[in-house]
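Reproduced below: run-v9.cif, with mmCIF, C-alpha atoms.
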```
data_final
#
loop_
_atom_site.label_atom_id
_atom_site.label_comp_id
_atom_site.auth_asym_id
_atom_site.auth_seq_id
_atom_site.Cartn_x
_atom_site.Cartn_y
_atom_site.Cartn_z
CA MET T 48 14.08 6.44 39.09
CA THR T 49 13.99 4.75 42.46
CA ALA T 50 15.04 7.03 45.27
CA SER T 51 17.14 4.32 46.93
CA ILE T 52 19.47 3.98 43.95
CA ASN T 53 23.01 5.11 44.76
CA VAL T 54 23.24 7.14 41.57
CA ARG T 55 26.77 8.39 42.19
CA TYR T 56 28.09 4.86 42.64
CA VAL T 57 26.21 3.52 39.61
CA VAL T 58 27.52 6.40 37.50
CA PHE T 59 31.06 5.66 38.72
CA LEU T 60 30.71 2.01 37.67
CA GLY T 61 29.10 2.95 34.36
CA CYS T 62 31.76 5.54 33.56
CA THR T 63 34.56 3.16 34.53
CA ALA T 64 33.38 0.43 32.16
CA ALA T 65 32.53 3.02 29.53
CA LEU T 66 36.17 4.19 29.50
CA GLY T 67 36.72 1.04 27.48
CA GLY T 68 34.53 2.68 24.87
CA LEU T 69 36.88 5.68 24.83
CA LEU T 70 39.74 3.36 23.89
CA PHE T 71 37.44 1.69 21.35
CA GLY T 72 36.68 5.06 19.71
CA PHE T 73 40.29 6.19 19.97
CA ASP T 74 41.72 3.13 18.22
CA ILE T 75 39.03 3.11 15.56
CA ALA T 76 39.42 6.80 14.69
CA ILE T 77 43.12 7.54 15.23
CA ILE T 78 43.87 6.06 11.82
CA THR T 79 41.44 8.53 10.22
CA GLY T 80 44.01 11.32 10.23
CA ALA T 81 47.02 9.02 10.12
CA GLY T 82 45.76 7.19 7.01
CA PRO T 83 46.86 9.71 4.35
CA PHE T 84 50.34 9.92 5.90
CA LEU T 85 50.53 6.12 6.21
CA SER T 86 49.60 5.83 2.56
CA LYS T 87 52.59 7.98 1.61
CA ALA T 88 54.98 6.35 4.10
CA PHE T 89 54.27 2.82 2.85
CA SER T 90 53.20 3.67 -0.76
CA LEU T 91 49.79 2.04 -0.34
CA SER T 92 47.22 1.27 -3.03
CA ASP T 93 43.47 1.68 -2.38
CA LEU T 94 43.30 -1.94 -1.21
CA GLY T 95 46.46 -1.55 0.89
CA LEU T 96 44.92 1.48 2.57
CA GLY T 97 41.79 -0.58 3.15
CA TRP T 98 43.92 -3.20 4.92
CA ALA T 99 45.55 -0.50 7.06
CA PHE T 100 42.11 0.60 8.23
CA SER T 101 40.46 -2.81 8.52
CA SER T 102 43.28 -4.89 10.08
CA LEU T 103 42.23 -3.72 13.53
CA LEU T 104 38.64 -4.70 12.75
CA PHE T 105 39.56 -8.26 11.80
CA GLY T 106 41.39 -8.50 15.14
CA CYS T 107 38.18 -7.31 16.78
CA VAL T 108 36.44 -10.42 15.49
CA LEU T 109 38.78 -12.70 17.44
CA GLY T 110 38.87 -10.35 20.42
CA CYS T 111 35.14 -10.46 20.99
CA PHE T 112 35.09 -14.24 20.45
CA PHE T 113 37.73 -14.91 23.10
CA ALA T 114 36.21 -12.38 25.51
CA GLY T 115 32.81 -14.04 25.19
CA ARG T 116 34.27 -17.48 25.74
CA LEU T 117 36.32 -16.45 28.78
CA THR T 118 34.08 -13.97 30.58
CA ASN T 119 32.00 -16.63 32.35
CA ARG T 120 35.20 -18.31 33.54
CA PHE T 121 37.29 -15.35 34.69
CA GLY T 122 34.72 -12.59 35.08
CA ARG T 123 34.08 -9.23 33.49
CA LYS T 124 36.53 -7.25 35.63
CA LYS T 125 39.64 -9.41 35.18
CA LEU T 126 39.27 -9.44 31.42
CA LEU T 127 38.78 -5.66 31.34
CA VAL T 128 42.08 -5.29 33.22
CA LEU T 129 43.78 -7.52 30.64
CA VAL T 130 42.26 -5.52 27.82
CA ALA T 131 43.66 -2.28 29.28
CA PHE T 132 47.20 -3.75 29.23
CA LEU T 133 46.73 -4.90 25.64
CA PHE T 134 45.56 -1.45 24.55
CA ALA T 135 48.72 0.14 25.90
CA ALA T 136 51.10 -2.46 24.45
CA THR T 137 49.65 -2.39 20.94
CA SER T 138 49.52 1.42 20.85
CA LEU T 139 53.26 1.42 21.50
CA ALA T 140 53.93 -1.34 18.96
CA THR T 141 51.95 0.40 16.23
CA ALA T 142 53.84 3.65 16.78
CA LEU T 143 57.21 1.87 16.49
CA ALA T 144 56.30 -0.27 13.44
CA PRO T 145 59.39 -0.52 11.14
CA ASP T 146 57.38 -1.72 8.12
CA PHE T 147 53.83 -2.22 6.87
CA VAL T 148 53.64 -5.92 7.84
CA PHE T 149 54.61 -5.08 11.44
CA PHE T 150 52.09 -2.24 11.43
CA ILE T 151 49.28 -4.51 10.22
CA THR T 152 50.20 -7.12 12.84
CA ALA T 153 50.20 -4.58 15.66
CA ARG T 154 46.86 -3.14 14.53
CA PHE T 155 45.39 -6.66 14.34
CA LEU T 156 46.53 -7.39 17.91
CA GLY T 157 45.10 -4.04 19.00
CA GLY T 158 41.86 -5.25 17.52
CA LEU T 159 41.82 -8.06 20.09
CA ALA T 160 41.54 -5.39 22.79
CA VAL T 161 38.91 -3.36 20.94
CA GLY T 162 36.85 -6.47 20.21
CA GLY T 163 37.12 -7.62 23.80
CA VAL T 164 36.06 -4.30 25.27
CA SER T 165 33.15 -4.00 22.81
CA LEU T 166 31.67 -7.11 24.43
CA LEU T 167 32.79 -6.67 28.03
CA SER T 168 32.06 -3.00 28.70
CA PRO T 169 28.38 -2.98 27.61
CA MET T 170 27.88 -6.25 29.49
CA TYR T 171 29.39 -4.80 32.65
CA VAL T 172 27.27 -1.64 32.42
CA SER T 173 24.11 -3.66 31.83
CA GLU T 174 24.74 -5.97 34.78
CA VAL T 175 25.40 -3.22 37.35
CA SER T 176 22.66 -0.78 36.26
CA PRO T 177 19.14 -0.69 37.77
CA PRO T 178 16.37 -1.01 35.13
CA SER T 179 15.16 2.57 35.48
CA ILE T 180 18.50 4.07 34.41
CA ARG T 181 20.05 1.20 32.45
CA GLY T 182 19.42 2.95 29.15
CA ARG T 183 21.26 6.07 30.24
CA MET T 184 24.12 4.03 31.64
CA GLY T 185 24.34 2.16 28.32
CA THR T 186 24.48 5.50 26.55
CA LEU T 187 27.61 6.34 28.55
CA TYR T 188 29.42 3.63 26.59
CA GLN T 189 28.50 5.13 23.22
CA LEU T 190 29.27 8.60 24.58
CA SER T 191 32.75 7.49 25.58
CA ILE T 192 33.30 6.01 22.11
CA VAL T 193 32.49 9.42 20.66
CA VAL T 194 34.81 11.14 23.14
CA GLY T 195 37.56 8.76 22.02
CA ILE T 196 36.84 9.69 18.40
CA ILE T 197 36.97 13.44 19.18
CA VAL T 198 40.26 13.02 21.05
CA SER T 199 41.69 11.12 18.07
CA TYR T 200 40.51 13.74 15.59
CA SER T 201 41.98 16.53 17.73
CA LEU T 202 45.34 14.78 18.11
CA ASN T 203 45.44 14.03 14.39
CA TYR T 204 45.01 17.71 13.62
CA LEU T 205 47.48 18.92 16.27
CA LEU T 206 50.19 16.44 15.21
CA ARG T 207 49.74 16.75 11.44
CA ASN T 208 52.79 19.01 10.99
CA THR T 209 55.24 17.21 13.28
CA GLY T 210 57.23 15.71 10.40
CA VAL T 211 57.33 12.45 8.47
CA ASN T 212 56.78 10.48 11.68
CA ASN T 213 53.62 12.39 12.60
CA TRP T 214 51.52 9.24 12.25
CA ARG T 215 53.75 7.48 14.81
CA TRP T 216 53.07 10.16 17.42
CA MET T 217 49.35 9.86 16.70
CA PHE T 218 49.32 6.15 17.59
CA LEU T 219 51.67 6.58 20.57
CA THR T 220 49.19 8.85 22.35
CA GLY T 221 46.95 5.81 22.92
CA VAL T 222 49.13 4.69 25.84
CA ALA T 223 47.82 7.47 28.13
CA PRO T 224 44.06 6.66 28.06
CA SER T 225 44.92 2.97 28.44
CA ALA T 226 46.66 3.71 31.74
CA VAL T 227 43.66 5.73 32.99
CA PHE T 228 41.28 2.89 32.10
CA LEU T 229 43.49 0.37 33.91
CA LEU T 230 43.49 2.48 37.08
CA PHE T 231 39.72 2.91 37.27
CA VAL T 232 38.71 -0.61 36.33
CA SER T 233 41.04 -1.92 39.05
CA LEU T 234 38.95 -0.01 41.62
CA ALA T 235 35.59 -1.35 40.40
CA PRO T 236 33.90 -4.53 41.76
CA GLU T 237 32.88 -7.60 39.80
CA THR T 238 29.25 -7.56 38.58
CA PRO T 239 26.64 -9.05 40.96
CA ARG T 240 25.28 -11.37 38.26
CA PHE T 241 28.70 -12.92 37.59
CA LEU T 242 29.27 -13.30 41.34
CA ALA T 243 25.90 -15.03 41.71
CA MET T 244 26.69 -17.28 38.76
CA LYS T 245 29.82 -18.41 40.65
CA GLY T 246 27.81 -19.05 43.83
CA LYS T 247 29.19 -15.97 45.62
CA TYR T 248 25.75 -14.80 46.71
CA LYS T 249 26.94 -12.80 49.72
CA GLU T 250 29.35 -10.79 47.59
CA ALA T 251 26.67 -10.32 44.92
CA ALA T 252 24.22 -9.09 47.56
CA ASP T 253 26.82 -6.63 48.89
CA VAL T 254 27.28 -5.08 45.44
CA LEU T 255 23.52 -4.93 44.82
CA GLU T 256 23.02 -3.31 48.23
CA ARG T 257 25.64 -0.68 47.50
CA ILE T 258 23.99 0.01 44.13
CA GLY T 259 20.38 0.22 45.28
CA GLY T 260 20.09 -0.17 49.03
CA SER T 261 19.11 -3.27 51.00
CA ASN T 262 15.41 -3.28 50.07
CA GLY T 263 14.62 -6.00 47.57
CA VAL T 264 18.12 -7.50 47.44
CA PRO T 265 17.03 -11.01 48.58
CA ALA T 266 14.34 -11.01 45.89
CA GLN T 267 16.85 -9.90 43.24
CA ILE T 268 19.26 -12.66 44.25
CA ALA T 269 16.45 -15.21 44.13
CA GLU T 270 15.41 -14.05 40.67
CA ILE T 271 18.98 -14.21 39.38
CA ARG T 272 19.37 -17.74 40.77
CA ALA T 273 16.08 -18.82 39.20
CA ASN T 274 17.30 -17.73 35.77
CA MET T 275 20.50 -19.77 35.89
CA HIS T 276 20.42 -22.89 33.71
CA LEU T 277 22.48 -26.07 33.85
CA GLU T 278 23.58 -25.81 30.21
CA ALA T 279 24.78 -22.22 30.64
CA LYS T 280 28.47 -23.04 30.32
CA THR T 281 28.09 -24.83 26.98
CA TRP T 282 26.97 -23.76 23.53
CA ARG T 283 23.79 -25.77 24.14
CA GLY T 284 22.66 -22.88 26.29
CA LEU T 285 22.31 -20.79 23.12
CA LEU T 286 19.84 -23.29 21.64
CA ARG T 287 17.11 -22.69 24.20
CA PRO T 288 13.96 -21.40 22.45
CA GLY T 289 14.09 -17.90 23.93
CA VAL T 290 17.82 -17.50 23.35
CA ARG T 291 17.58 -18.58 19.70
CA ARG T 292 15.10 -15.82 18.97
CA ALA T 293 17.20 -13.21 20.74
CA LEU T 294 20.27 -14.34 18.78
CA ALA T 295 18.44 -14.01 15.45
CA VAL T 296 17.33 -10.47 16.23
CA SER T 297 20.77 -9.45 17.52
CA ALA T 298 22.47 -10.86 14.40
CA GLY T 299 20.19 -8.86 12.11
CA LEU T 300 20.86 -5.63 14.00
CA ALA T 301 24.61 -6.34 14.07
CA ILE T 302 24.84 -6.65 10.30
CA LEU T 303 22.67 -3.65 9.55
CA VAL T 304 24.37 -1.28 11.99
CA GLN T 305 27.61 -1.68 10.02
CA VAL T 306 26.47 -2.05 6.41
CA SER T 307 24.50 1.19 6.79
CA GLY T 308 27.89 2.88 6.77
CA ILE T 309 28.75 4.46 10.11
CA ASN T 310 32.40 3.40 10.27
CA THR T 311 33.09 4.22 6.64
CA ILE T 312 32.00 7.78 7.40
CA VAL T 313 34.01 7.97 10.64
CA ASP T 314 37.17 6.37 9.20
CA TYR T 315 37.23 7.93 5.75
CA ALA T 316 35.84 11.39 6.55
CA PRO T 317 39.06 13.22 5.49
CA ALA T 318 39.20 11.25 2.22
CA ILE T 319 35.53 12.03 1.51
CA PHE T 320 36.07 15.73 2.17
CA GLN T 321 39.23 15.76 0.05
CA SER T 322 37.22 14.29 -2.84
CA THR T 323 35.01 17.41 -2.70
CA GLY T 324 38.03 19.60 -3.36
CA TRP T 325 39.13 20.49 0.16
CA LYS T 326 42.83 20.51 1.08
CA MET T 327 44.16 18.13 3.75
CA ASP T 328 44.26 20.75 6.54
CA ASN T 329 40.61 21.68 5.96
CA ALA T 330 39.62 18.01 5.68
CA LEU T 331 41.27 17.18 9.01
CA ALA T 332 39.77 20.26 10.67
CA SER T 333 36.31 19.23 9.48
CA THR T 334 36.63 15.89 11.26
CA PHE T 335 36.62 17.79 14.56
CA ILE T 336 33.19 19.17 13.63
CA VAL T 337 32.15 15.60 12.85
CA GLY T 338 33.28 14.44 16.30
CA VAL T 339 31.58 17.31 18.13
CA THR T 340 28.33 16.57 16.28
CA GLU T 341 28.51 12.93 17.34
CA PHE T 342 29.15 13.96 20.94
CA LEU T 343 26.29 16.46 21.15
CA PHE T 344 23.72 14.13 19.65
CA THR T 345 24.87 11.21 21.79
CA LEU T 346 24.03 13.47 24.75
CA VAL T 347 20.55 13.78 23.27
CA SER T 348 20.26 9.99 23.41
CA PHE T 349 21.27 10.05 27.08
CA TRP T 350 18.14 12.05 27.89
CA VAL T 351 15.64 10.33 25.62
CA ILE T 352 16.54 6.62 25.62
CA ASP T 353 14.81 5.85 28.94
CA ARG T 354 11.92 8.21 28.16
CA TYR T 355 10.90 7.13 24.65
CA GLY T 356 12.42 3.66 24.56
CA ARG T 357 14.85 1.80 22.33
CA LYS T 358 12.59 0.77 19.44
CA PRO T 359 11.15 4.20 18.48
CA LEU T 360 14.62 5.75 18.51
CA TYR T 361 16.02 3.01 16.29
CA ILE T 362 13.27 3.46 13.69
CA VAL T 363 13.54 7.27 13.62
CA GLY T 364 17.33 7.09 13.41
CA SER T 365 17.27 4.61 10.54
CA LEU T 366 14.88 6.76 8.51
CA GLY T 367 16.95 9.89 9.15
CA MET T 368 20.13 8.13 8.04
CA THR T 369 18.36 6.89 4.90
CA LEU T 370 17.26 10.38 3.89
CA SER T 371 20.74 11.82 4.53
CA LEU T 372 22.44 9.16 2.39
CA LEU T 373 19.89 9.53 -0.42
CA SER T 374 20.57 13.27 -0.37
CA LEU T 375 24.28 12.51 -0.89
CA VAL T 376 23.32 10.39 -3.90
CA VAL T 377 21.30 13.31 -5.30
CA ALA T 378 24.25 15.67 -4.69
CA VAL T 379 26.54 13.37 -6.68
CA LEU T 380 24.09 12.94 -9.56
CA ALA T 381 23.36 16.70 -9.68
CA GLY T 382 27.05 17.58 -9.78
CA ARG T 383 26.82 19.32 -6.40
CA PHE T 384 29.13 17.02 -4.42
CA GLN T 385 30.84 19.99 -2.81
CA GLY T 386 32.45 20.67 0.56
CA ALA T 387 29.75 22.55 2.48
CA ILE T 388 26.88 20.44 1.08
CA VAL T 389 28.63 17.15 1.79
CA LEU T 390 29.66 18.25 5.29
CA THR T 391 26.07 19.26 6.12
CA LEU T 392 24.61 15.96 4.91
CA ILE T 393 27.24 13.88 6.69
CA LEU T 394 26.61 15.79 9.91
CA THR T 395 22.87 15.12 9.52
CA TYR T 396 23.56 11.42 9.00
CA LEU T 397 25.78 11.34 12.09
CA ALA T 398 23.23 13.24 14.17
CA PHE T 399 20.58 10.58 13.54
CA PHE T 400 23.04 7.75 14.17
CA SER T 401 24.45 9.28 17.37
CA ALA T 402 21.09 10.20 18.90
CA CYS T 403 19.19 7.06 17.92
CA ILE T 404 21.29 4.10 16.73
CA GLY T 405 24.74 3.86 18.31
CA PRO T 406 23.75 4.15 21.99
CA VAL T 407 20.65 1.99 21.51
CA PHE T 408 22.58 -0.81 19.77
CA TRP T 409 25.14 -1.14 22.55
CA THR T 410 22.39 -0.91 25.18
CA LEU T 411 20.15 -3.51 23.53
CA MET T 412 22.78 -6.18 22.89
CA PRO T 413 23.47 -7.16 26.52
CA GLU T 414 19.87 -6.44 27.57
CA ILE T 415 18.20 -9.04 25.38
CA PHE T 416 20.23 -12.07 26.53
CA PRO T 417 19.67 -14.17 29.70
CA ASN T 418 22.13 -13.78 32.57
CA ASP T 419 23.69 -17.23 32.38
CA VAL T 420 24.50 -17.20 28.65
CA ARG T 421 25.06 -13.47 28.17
CA GLY T 422 28.81 -13.86 27.76
CA MET T 423 28.67 -16.47 25.02
CA ALA T 424 25.51 -15.06 23.42
CA MET T 425 27.11 -11.64 23.08
CA ILE T 426 29.80 -13.25 20.93
CA VAL T 427 27.31 -13.65 18.09
CA PRO T 428 26.17 -10.04 17.47
CA VAL T 429 29.48 -8.45 18.45
CA LEU T 430 31.48 -10.82 16.23
CA ILE T 431 29.05 -10.36 13.34
CA GLN T 432 29.15 -6.57 13.55
CA TRP T 433 32.96 -6.62 13.57
CA VAL T 434 33.07 -8.89 10.50
CA ALA T 435 30.59 -6.64 8.68
CA ASN T 436 32.52 -3.58 9.83
CA ALA T 437 35.84 -4.98 8.59
CA VAL T 438 34.47 -5.95 5.18
CA VAL T 439 32.75 -2.60 4.61
CA VAL T 440 35.80 -0.58 5.71
CA LEU T 441 38.15 -2.77 3.63
CA PHE T 442 36.28 -2.26 0.38
CA PHE T 443 34.99 1.31 0.84
CA PRO T 444 37.98 3.05 -0.86
CA PHE T 445 37.60 0.74 -3.88
CA ALA T 446 33.82 1.22 -4.03
CA PHE T 447 34.08 4.98 -3.57
CA HIS T 448 36.69 5.51 -6.30
CA VAL T 449 35.94 2.70 -8.77
CA ILE T 450 32.26 1.72 -8.48
CA GLY T 451 31.29 5.33 -7.83
CA LYS T 452 30.07 7.67 -5.12
CA ALA T 453 26.38 7.49 -6.07
CA SER T 454 26.27 3.69 -6.05
CA THR T 455 28.20 3.51 -2.77
CA PHE T 456 25.97 5.96 -0.90
CA GLY T 457 22.88 4.41 -2.52
CA PHE T 458 23.78 0.99 -1.14
CA LEU T 459 24.33 2.42 2.34
CA ALA T 460 20.94 4.18 2.13
CA LEU T 461 19.21 0.92 1.21
CA MET T 462 20.81 -0.81 4.21
CA ALA T 463 19.75 2.02 6.55
CA LEU T 464 16.16 1.65 5.33
CA ALA T 465 16.35 -2.13 5.82
CA GLN T 466 17.52 -1.48 9.40
CA GLY T 467 14.40 0.55 10.16
CA ILE T 468 12.08 -2.06 8.64
CA PHE T 469 13.79 -4.91 10.52
CA THR T 470 13.47 -3.01 13.79
CA TRP T 471 9.76 -2.34 13.23
CA PHE T 472 8.98 -6.02 12.70
CA TYR T 473 11.37 -7.88 15.00
CA VAL T 474 12.88 -5.77 17.79
CA PRO T 475 10.99 -5.67 21.13
CA GLU T 476 10.99 -2.77 23.56
CA THR T 477 13.14 -3.30 26.68
CA LYS T 478 12.69 0.03 28.46
CA ASN T 479 12.29 -0.22 32.27
CA LYS T 480 12.43 -4.04 32.25
CA ARG T 481 14.65 -6.16 34.48
CA LEU T 482 17.04 -8.39 32.59
CA GLU T 483 15.18 -11.44 33.91
CA GLU T 484 11.86 -10.08 32.57
CA ILE T 485 13.35 -9.67 29.12
CA GLU T 486 14.40 -13.32 29.09
CA ASP T 487 10.84 -14.33 29.99
CA TYR T 488 9.54 -12.32 27.03
CA TRP T 489 11.52 -14.35 24.48
CA ILE T 490 10.20 -17.57 25.95
CA THR T 491 6.53 -16.69 26.46
CA SER T 492 5.67 -14.49 23.46
CA LYS T 493 4.33 -16.51 20.52
CA ASN T 494 4.69 -14.08 17.65
CA LEU T 495 6.92 -11.20 16.66
CA ASP T 496 4.11 -8.71 16.14
CA PRO T 497 5.39 -5.36 14.71
CA ALA T 498 3.63 -3.43 17.44
CA GLU T 499 4.45 -5.65 20.38
CA THR T 500 6.62 -4.62 23.31
CA VAL T 501 8.11 -6.54 26.20
#
```

Let me see the structure of the file written as structure tokens.
Amino acid sequence: MTASINVRYVVFLGCTAALGGLLFGFDIAIITGAGPFLSKAFSLSDLGLGWAFSSLLFGCVLGCFFAGRLTNRFGRKKLLVLVAFLFAATSLATALAPDFVFFITARFLGGLAVGGVSLLSPMYVSEVSPPSIRGRMGTLYQLSIVVGIIVSYSLNYLLRNTGVNNWRWMFLTGVAPSAVFLLFVSLAPETPRFLAMKGKYKEAADVLERIGGSNGVPAQIAEIRANMHLEAKTWRGLLRPGVRRALAVSAGLAILVQVSGINTIVDYAPAIFQSTGWKMDNALASTFIVGVTEFLFTLVSFWVIDRYGRKPLYIVGSLGMTLSLLSLVVAVLAGRFQGAIVLTLILTYLAFFSACIGPVFWTLMPEIFPNDVRGMAMIVPVLIQWVANAVVVLFFPFAFHVIGKASTFGFLALMALAQGIFTWFYVPETKNKRLEEIEDYWITSKNLDPAETV
């Protein structure tokens, strides 16, 4: 770590943008505890419950698309402010929903905010963080997602006995963190790379100087300018040789991170625990243990991501998830699909994901794209992962109850293994590299050697 880095200021910026991740985690997980009560309130079938969970995720698809299209026009900061307003409005609308159609609509619109922040927050963190600590700053985003999940789990448990409208109170609580996010993002500056892209080099230099001191700022500005391309504002910019390769790798990771099952475990944890014989109170209480496990192991990632790199963590995490899921298959086949065993194996799965996969994914995505097309390029992996997420979450209740537990967990295990293999062969290492260096790698390297690094 360079001594001249203003760590406190960088952490402030990273935490501010990462608060969007808290809202991301909150909105994704709040329905976890509300789901069983929603099912009773609206008399939902398995597929109807799947729609209740996945409607937000389909909104995320459009949210990330529009955010990617607009971020190079209006900037990262302005769109984050808009997203904060949308979070608050849709939390209120969901809580007041008079019927299931209104509820689905409100959740879908809330997904626009979640999808937007899933693209904008990691991009903001990546563009304001010096290379030596960019991995840790990226981890803050995943950490805040986990904090949002824990807050949701806790509120679900605390509000479970507040009457037939308990699920409404659960969703209403989302207004408070939205207001906090709005306050902090209003105090943050625009990113230096967006300012440079708009020709505001003096303002960009001022932000860079405040982040890392005056030494080297002219060289950084010159490097940023050199990496701007004329076709950046059109889709043609995504067809450059280096960008095409980065897009292909990002798309593969985006599919695999979802079809290996993380959001089915997070969203349907109470239902999974209930299927082992636990009562609802115990199932909801166990989700708090799930959230704490995610939090603690995300902290592990904070300390190791810049030491050991992105690629080794991703491979280790994928293999650990595979073994955990295969153990769940064995438990089902052996007739030992019981509360304590299932909880232990799910916690093991989440430990590997939280320490190795989640933080690395959201750090890698903005890192691997060039400055001038980062906004539009990020649309591809973020949109793909939301589509994959929505489809998996939509059909999980049906697969779990009709196709069978063993087949469902077996499929997720196969996808986790595929994730590790894909990473070994195609994902480069980006540790301690400037964003401009990473772009040069995609252009100059001839082969995707399994052992190669940037």

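Minimum distance to T:Pro317 across T:Phe416, T:Phe344, T:Phe112, T:Phe84 (counting only C-alpha atoms) occurs at T:Phe84.
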
Around the point (30.4, 2.3, 30.5) (coordinates from the file), which residues reach within 6 Å if we count all atoms listed in the file? Answer as a PyMOL selection string. chain T and resi 61-65+168+172+187-188

Could you tell me, as a PyMOL selection string, exactly which residues end up selected when the PyMOL selection byres ((chain T and resi 72) around 9) is applied to this structure? chain T and resi 67-71+73-77+161+189+191-199

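Residues selected in this file by the PyMOL selection byres ((chain T and resi 250) around 12) comprise Pro236, Glu237, Thr238, Pro239, Arg240, Phe241, Leu242, Ala243, Met244, Lys245, Gly246, Lys247, Tyr248, Lys249, Ala251, Ala252, Asp253, Val254, Leu255, Glu256, Arg257, Val264 and Ile268 of chain T.
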
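Proximity to T:Arg421 was assessed for T:Leu285, T:Ile151, T:Leu190, T:Ile468 counting all atoms listed in the file; the smallest distance is recorded for T:Leu285.
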
Output check: residues returned by the PyMOL selection byres ((chain T and resi 96) around 9), as a PDB file with C-alpha atoms, in the frame of the given file:
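Result file follows (expr-v4.pdb):
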```
ATOM      1  CA  GLY T  82      45.760   7.190   7.010  1.00  0.00           C
ATOM      2  CA  PRO T  83      46.860   9.710   4.350  1.00  0.00           C
ATOM      3  CA  LEU T  85      50.530   6.120   6.210  1.00  0.00           C
ATOM      4  CA  SER T  86      49.600   5.830   2.560  1.00  0.00           C
ATOM      5  CA  LEU T  91      49.790   2.040  -0.340  1.00  0.00           C
ATOM      6  CA  SER T  92      47.220   1.270  -3.030  1.00  0.00           C
ATOM      7  CA  ASP T  93      43.470   1.680  -2.380  1.00  0.00           C
ATOM      8  CA  LEU T  94      43.300  -1.940  -1.210  1.00  0.00           C
ATOM      9  CA  GLY T  95      46.460  -1.550   0.890  1.00  0.00           C
ATOM     10  CA  GLY T  97      41.790  -0.580   3.150  1.00  0.00           C
ATOM     11  CA  TRP T  98      43.920  -3.200   4.920  1.00  0.00           C
ATOM     12  CA  ALA T  99      45.550  -0.500   7.060  1.00  0.00           C
ATOM     13  CA  PHE T 100      42.110   0.600   8.230  1.00  0.00           C
ATOM     14  CA  SER T 101      40.460  -2.810   8.520  1.00  0.00           C
ATOM     15  CA  LEU T 441      38.150  -2.770   3.630  1.00  0.00           C
ATOM     16  CA  PRO T 444      37.980   3.050  -0.860  1.00  0.00           C
TER      17      PRO T 444
END
```

Quick one: residues within 7 Å of T:Pro169, all atoms listed in the file, excluding same-chain residues fewer than 2 positions away - as a short mmCIF file (atom, residue, chain, number, x, y, z; two decimals) with C-alpha atoms, in the frame of the given file?
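Listed below is the output, part34.cif:
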```
data_model
loop_
_atom_site.label_atom_id
_atom_site.label_comp_id
_atom_site.auth_asym_id
_atom_site.auth_seq_id
_atom_site.Cartn_x
_atom_site.Cartn_y
_atom_site.Cartn_z
CA SER T 165 33.15 -4.00 22.81
CA LEU T 166 31.67 -7.11 24.43
CA LEU T 167 32.79 -6.67 28.03
CA TYR T 171 29.39 -4.80 32.65
CA VAL T 172 27.27 -1.64 32.42
CA SER T 173 24.11 -3.66 31.83
CA GLY T 185 24.34 2.16 28.32
CA TYR T 188 29.42 3.63 26.59
CA TRP T 409 25.14 -1.14 22.55
CA THR T 410 22.39 -0.91 25.18
CA PRO T 413 23.47 -7.16 26.52
#
```

Using the structure just given, write a file holding N, CA and C atoms for stretch 165-175 of chain T, as a short mmCIF file (atom, residue, chain, number, x, y, z; two decimals), in the first residue's frame.
```
data_model
loop_
_atom_site.label_atom_id
_atom_site.label_comp_id
_atom_site.auth_asym_id
_atom_site.auth_seq_id
_atom_site.Cartn_x
_atom_site.Cartn_y
_atom_site.Cartn_z
N SER T 165 -26.36 -2.63 -8.61
CA SER T 165 -25.43 -3.76 -8.78
C SER T 165 -24.40 -3.47 -9.87
N LEU T 166 -24.71 -2.55 -10.77
CA LEU T 166 -23.75 -2.13 -11.79
C LEU T 166 -22.98 -0.89 -11.34
N LEU T 167 -23.69 0.06 -10.76
CA LEU T 167 -23.09 1.36 -10.46
C LEU T 167 -22.15 1.33 -9.25
N SER T 168 -22.53 0.67 -8.19
CA SER T 168 -21.71 0.69 -6.98
C SER T 168 -20.34 0.03 -7.18
N PRO T 169 -20.26 -1.20 -7.74
CA PRO T 169 -18.93 -1.76 -7.97
C PRO T 169 -18.09 -0.92 -8.93
N MET T 170 -18.74 -0.32 -9.92
CA MET T 170 -18.03 0.53 -10.87
C MET T 170 -17.45 1.75 -10.16
N TYR T 171 -18.25 2.36 -9.30
CA TYR T 171 -17.78 3.53 -8.56
C TYR T 171 -16.59 3.17 -7.68
N VAL T 172 -16.72 2.07 -6.93
CA VAL T 172 -15.64 1.64 -6.05
C VAL T 172 -14.36 1.38 -6.84
N SER T 173 -14.49 0.70 -7.98
CA SER T 173 -13.33 0.37 -8.80
C SER T 173 -12.64 1.62 -9.32
N GLU T 174 -13.41 2.63 -9.68
CA GLU T 174 -12.84 3.82 -10.32
C GLU T 174 -12.24 4.82 -9.33
N VAL T 175 -12.55 4.68 -8.04
CA VAL T 175 -11.96 5.61 -7.07
C VAL T 175 -10.88 4.95 -6.21
#
```
